[in-house]
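Note: the block below is data.pdb and it holds PDB, C-alpha atoms, pLDDT in the B column.
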ATOM      1  CA  MET Z  16     -50.171   6.693  13.944  1.00 55.00           C
ATOM      2  CA  VAL Z  17     -50.725  10.336  12.978  1.00 62.00           C
ATOM      3  CA  ALA Z  18     -50.288  11.768   9.491  1.00 69.00           C
ATOM      4  CA  SER Z  19     -47.055  13.467   8.472  1.00 75.00           C
ATOM      5  CA  GLY Z  20     -48.698  16.914   8.452  1.00 80.00           C
ATOM      6  CA  GLU Z  21     -50.000  16.500  12.004  1.00 84.00           C
ATOM      7  CA  ALA Z  22     -46.582  15.371  13.223  1.00 79.00           C
ATOM      8  CA  ARG Z  23     -44.903  18.337  11.503  1.00 82.00           C
ATOM      9  CA  THR Z  24     -47.391  20.766  13.080  1.00 85.00           C
ATOM     10  CA  TRP Z  25     -46.811  19.273  16.527  1.00 81.00           C
ATOM     11  CA  LEU Z  26     -43.004  19.396  16.167  1.00 79.00           C
ATOM     12  CA  HIS Z  27     -43.143  23.053  15.073  1.00 81.00           C
ATOM     13  CA  ARG Z  28     -45.472  23.863  18.005  1.00 82.00           C
ATOM     14  CA  ILE Z  29     -43.093  22.439  20.618  1.00 79.00           C
ATOM     15  CA  LYS Z  30     -39.912  23.720  18.943  1.00 76.00           C
ATOM     16  CA  GLY Z  31     -39.742  26.940  20.961  1.00 75.00           C
ATOM     17  CA  GLN Z  32     -40.199  25.274  24.348  1.00 73.00           C
ATOM     18  CA  GLY Z  33     -36.469  24.834  24.886  1.00 72.00           C
ATOM     19  CA  MET Z  34     -34.557  21.708  25.798  1.00 72.00           C
ATOM     20  CA  ALA Z  35     -35.222  19.511  28.804  1.00 72.00           C
ATOM     21  CA  LEU Z  36     -32.852  16.678  29.606  1.00 77.00           C
ATOM     22  CA  GLY Z  37     -34.228  13.196  30.237  1.00 82.00           C
ATOM     23  CA  LEU Z  38     -36.555  10.767  28.489  1.00 83.00           C
ATOM     24  CA  GLU Z  39     -39.809  12.514  29.407  1.00 85.00           C
ATOM     25  CA  ASN Z  40     -39.964  14.404  26.079  1.00 79.00           C
ATOM     26  CA  THR Z  41     -39.419  11.192  24.136  1.00 79.00           C
ATOM     27  CA  ALA Z  42     -42.169   9.447  26.096  1.00 83.00           C
ATOM     28  CA  ARG Z  43     -44.489  12.408  25.469  1.00 84.00           C
ATOM     29  CA  ALA Z  44     -43.671  12.399  21.732  1.00 80.00           C
ATOM     30  CA  VAL Z  45     -44.486   8.691  21.507  1.00 78.00           C
ATOM     31  CA  ALA Z  46     -47.786   9.290  23.337  1.00 82.00           C
ATOM     32  CA  GLU Z  47     -48.676  12.323  21.171  1.00 84.00           C
ATOM     33  CA  MET Z  48     -47.947  10.407  17.957  1.00 82.00           C
ATOM     34  CA  ARG Z  49     -50.120   7.541  19.192  1.00 80.00           C
ATOM     35  CA  PHE Z  50     -47.500   4.870  18.649  1.00 71.00           C
ATOM     36  CA  PRO Z  51     -48.500   1.480  20.033  1.00 73.00           C
ATOM     37  CA  ALA Z  52     -47.087   0.489  23.415  1.00 70.00           C
ATOM     38  CA  PRO Z  53     -43.437  -0.506  23.042  1.00 67.00           C
ATOM     39  CA  THR Z  54     -43.088  -4.216  22.430  1.00 76.00           C
ATOM     40  CA  TYR Z  55     -39.611  -3.863  20.995  1.00 76.00           C
ATOM     41  CA  GLU Z  56     -36.027  -3.384  22.080  1.00 82.00           C
ATOM     42  CA  THR Z  57     -34.884   0.234  22.415  1.00 83.00           C
ATOM     43  CA  VAL Z  58     -31.446   1.808  22.051  1.00 86.00           C
ATOM     44  CA  HIS Z  59     -31.002   5.347  23.377  1.00 84.00           C
ATOM     45  CA  VAL Z  60     -27.849   7.054  22.043  1.00 88.00           C
ATOM     46  CA  ALA Z  61     -26.687   9.972  24.187  1.00 85.00           C
ATOM     47  CA  GLY Z  62     -23.543  12.012  24.711  1.00 82.00           C
ATOM     48  CA  SER Z  63     -21.743  15.049  23.354  1.00 80.00           C
ATOM     49  CA  ASN Z  64     -20.267  13.783  20.089  1.00 89.00           C
ATOM     50  CA  GLY Z  65     -20.866  11.066  17.519  1.00 90.00           C
ATOM     51  CA  LYS Z  66     -24.564  10.389  18.076  1.00 88.00           C
ATOM     52  CA  GLY Z  67     -25.523  10.892  14.422  1.00 86.00           C
ATOM     53  CA  THR Z  68     -22.740   8.625  13.209  1.00 91.00           C
ATOM     54  CA  THR Z  69     -23.595   5.990  15.802  1.00 93.00           C
ATOM     55  CA  VAL Z  70     -27.280   6.008  14.843  1.00 92.00           C
ATOM     56  CA  ALA Z  71     -26.428   5.910  11.107  1.00 91.00           C
ATOM     57  CA  ARG Z  72     -24.097   2.929  11.573  1.00 94.00           C
ATOM     58  CA  LEU Z  73     -26.560   1.091  13.803  1.00 94.00           C
ATOM     59  CA  SER Z  74     -29.349   1.751  11.290  1.00 94.00           C
ATOM     60  CA  ALA Z  75     -27.177   0.438   8.436  1.00 95.00           C
ATOM     61  CA  ALA Z  76     -26.349  -2.707  10.428  1.00 95.00           C
ATOM     62  CA  LEU Z  77     -30.005  -3.318  11.266  1.00 95.00           C
ATOM     63  CA  SER Z  78     -31.027  -2.734   7.646  1.00 94.00           C
ATOM     64  CA  SER Z  79     -28.417  -5.153   6.315  1.00 95.00           C
ATOM     65  CA  ALA Z  80     -29.685  -7.750   8.813  1.00 96.00           C
ATOM     66  CA  ASP Z  81     -33.258  -7.124   7.575  1.00 94.00           C
ATOM     67  CA  ILE Z  82     -34.349  -5.927  11.032  1.00 93.00           C
ATOM     68  CA  ASP Z  83     -37.259  -3.468  11.099  1.00 92.00           C
ATOM     69  CA  HIS Z  84     -36.253  -0.309  12.999  1.00 91.00           C
ATOM     70  CA  LEU Z  85     -37.167   3.319  13.684  1.00 90.00           C
ATOM     71  CA  ALA Z  86     -34.750   6.172  14.439  1.00 90.00           C
ATOM     72  CA  PHE Z  87     -35.680   9.490  16.044  1.00 86.00           C
ATOM     73  CA  THR Z  88     -32.952  12.143  16.004  1.00 86.00           C
ATOM     74  CA  SER Z  89     -32.752  15.831  16.781  1.00 83.00           C
ATOM     75  CA  PRO Z  90     -32.088  18.412  15.511  1.00 81.00           C
ATOM     76  CA  HIS Z  91     -32.950  18.135  11.829  1.00 77.00           C
ATOM     77  CA  LEU Z  92     -30.798  19.664   9.078  1.00 80.00           C
ATOM     78  CA  VAL Z  93     -33.359  20.858   6.517  1.00 86.00           C
ATOM     79  CA  ARG Z  94     -36.869  19.477   7.155  1.00 84.00           C
ATOM     80  CA  VAL Z  95     -38.437  18.455  10.450  1.00 83.00           C
ATOM     81  CA  GLU Z  96     -39.452  15.098   8.917  1.00 84.00           C
ATOM     82  CA  GLU Z  97     -35.756  14.122   8.913  1.00 84.00           C
ATOM     83  CA  ARG Z  98     -36.008  13.487  12.638  1.00 85.00           C
ATOM     84  CA  VAL Z  99     -37.937  10.235  12.192  1.00 86.00           C
ATOM     85  CA  ARG Z 100     -36.636   7.513   9.890  1.00 88.00           C
ATOM     86  CA  HIS Z 101     -38.062   4.043   9.376  1.00 88.00           C
ATOM     87  CA  ASN Z 102     -35.572   1.375   8.236  1.00 89.00           C
ATOM     88  CA  GLY Z 103     -32.880   3.787   7.200  1.00 81.00           C
TER      89      GLY Z 103
END

In C-alpha cells, how does this file's structure come out?
Amino acid sequence: MVASGEARTWLHRIKGQGMALGLENTARAVAEMRFPAPTYETVHVAGSNGKGTTVARLSAALSSADIDHLAFTSPHLVRVEERVRHNG
C-alpha cells in the first residue's frame, strides 16, 4: 500500500478531472493505491441522499461486531485523508 503523502498527492492530482459515473474510478483508485486483489465482500452505497449516514451506521455495526473494514467516501469535509477510513 502507498504512503499517506503519495495517496494525498494522487487525490489532489485527479481532483480537477471532474466526475464520471460508474465503478471505473474506484477500480482505478484501488489499482493506483496498490491494494491487494479483493478477497473480501464489498458494499457499494449509492444514491442521492443518506450515503454518509448509511456508511457511518454500517461501519459502526461492523466495528461493534469486530469485523475489519475499510470505507472510501467522497467528497471530504476538511482533509482529503477523510475519504479513506479503516475500522471506523

Practice problem: One decimal, Å: what's the distance from CA of Glu39 (chain Z) over to CA of Ser78 (chain Z), could you say? | Solution: 28.0 Å

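Checking Z:Thr24, Z:Thr88, Z:Ser19, Z:Thr41 one by one against Thr69 (chain Z), counting all atoms listed in the file, you find the shortest gap at Z:Thr88.
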
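If you measure from each of Z:Met34, Z:Ala42, Z:His101, Z:Val93 to Leu77 (chain Z) using all atoms listed in the file, the closest one turns out to be Z:His101.
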
Self-check item: Residue members of the PyMOL selection byres ((chain Z and resi 58) around 12) in the file shown, as a list in words
Solution: Tyr55, Glu56, Thr57, His59, Val60, Ala61, Lys66, Thr69, Val70, Leu73, Ser74, His84, Leu85, Ala86 and Phe87 of chain Z

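Each of Z:Trp25, Z:Ser63, Z:Leu36, Z:Gly31 was checked against Met48 (chain Z) using all atoms listed in the file; the smallest atom-to-atom distance is that of Z:Trp25.
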
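What separates CA of Ala75 (chain Z) from CA of Gly103 (chain Z) is a distance of 6.7 Å.
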
Evaluate the PyMOL selection byres ((chain Z and resi 95) around 12) on the structure here and hand back the selected residues as a short mmCIF file (atom, residue, chain, number, x, y, z; two decimals) with C-alpha atoms, keeping the file's coordinate frame.
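Okay, selection.cif is ready:
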data_model
loop_
_atom_site.label_atom_id
_atom_site.label_comp_id
_atom_site.auth_asym_id
_atom_site.auth_seq_id
_atom_site.Cartn_x
_atom_site.Cartn_y
_atom_site.Cartn_z
CA SER Z 19 -47.06 13.47 8.47
CA GLY Z 20 -48.70 16.91 8.45
CA GLU Z 21 -50.00 16.50 12.00
CA ALA Z 22 -46.58 15.37 13.22
CA ARG Z 23 -44.90 18.34 11.50
CA THR Z 24 -47.39 20.77 13.08
CA TRP Z 25 -46.81 19.27 16.53
CA LEU Z 26 -43.00 19.40 16.17
CA HIS Z 27 -43.14 23.05 15.07
CA ARG Z 28 -45.47 23.86 18.00
CA ILE Z 29 -43.09 22.44 20.62
CA LYS Z 30 -39.91 23.72 18.94
CA PHE Z 87 -35.68 9.49 16.04
CA THR Z 88 -32.95 12.14 16.00
CA SER Z 89 -32.75 15.83 16.78
CA PRO Z 90 -32.09 18.41 15.51
CA HIS Z 91 -32.95 18.14 11.83
CA LEU Z 92 -30.80 19.66 9.08
CA VAL Z 93 -33.36 20.86 6.52
CA ARG Z 94 -36.87 19.48 7.16
CA GLU Z 96 -39.45 15.10 8.92
CA GLU Z 97 -35.76 14.12 8.91
CA ARG Z 98 -36.01 13.49 12.64
CA VAL Z 99 -37.94 10.24 12.19
CA ARG Z 100 -36.64 7.51 9.89
#

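Going from CA of Ala71 (chain Z) to CA of Pro51 (chain Z) covers 24.2 Å.
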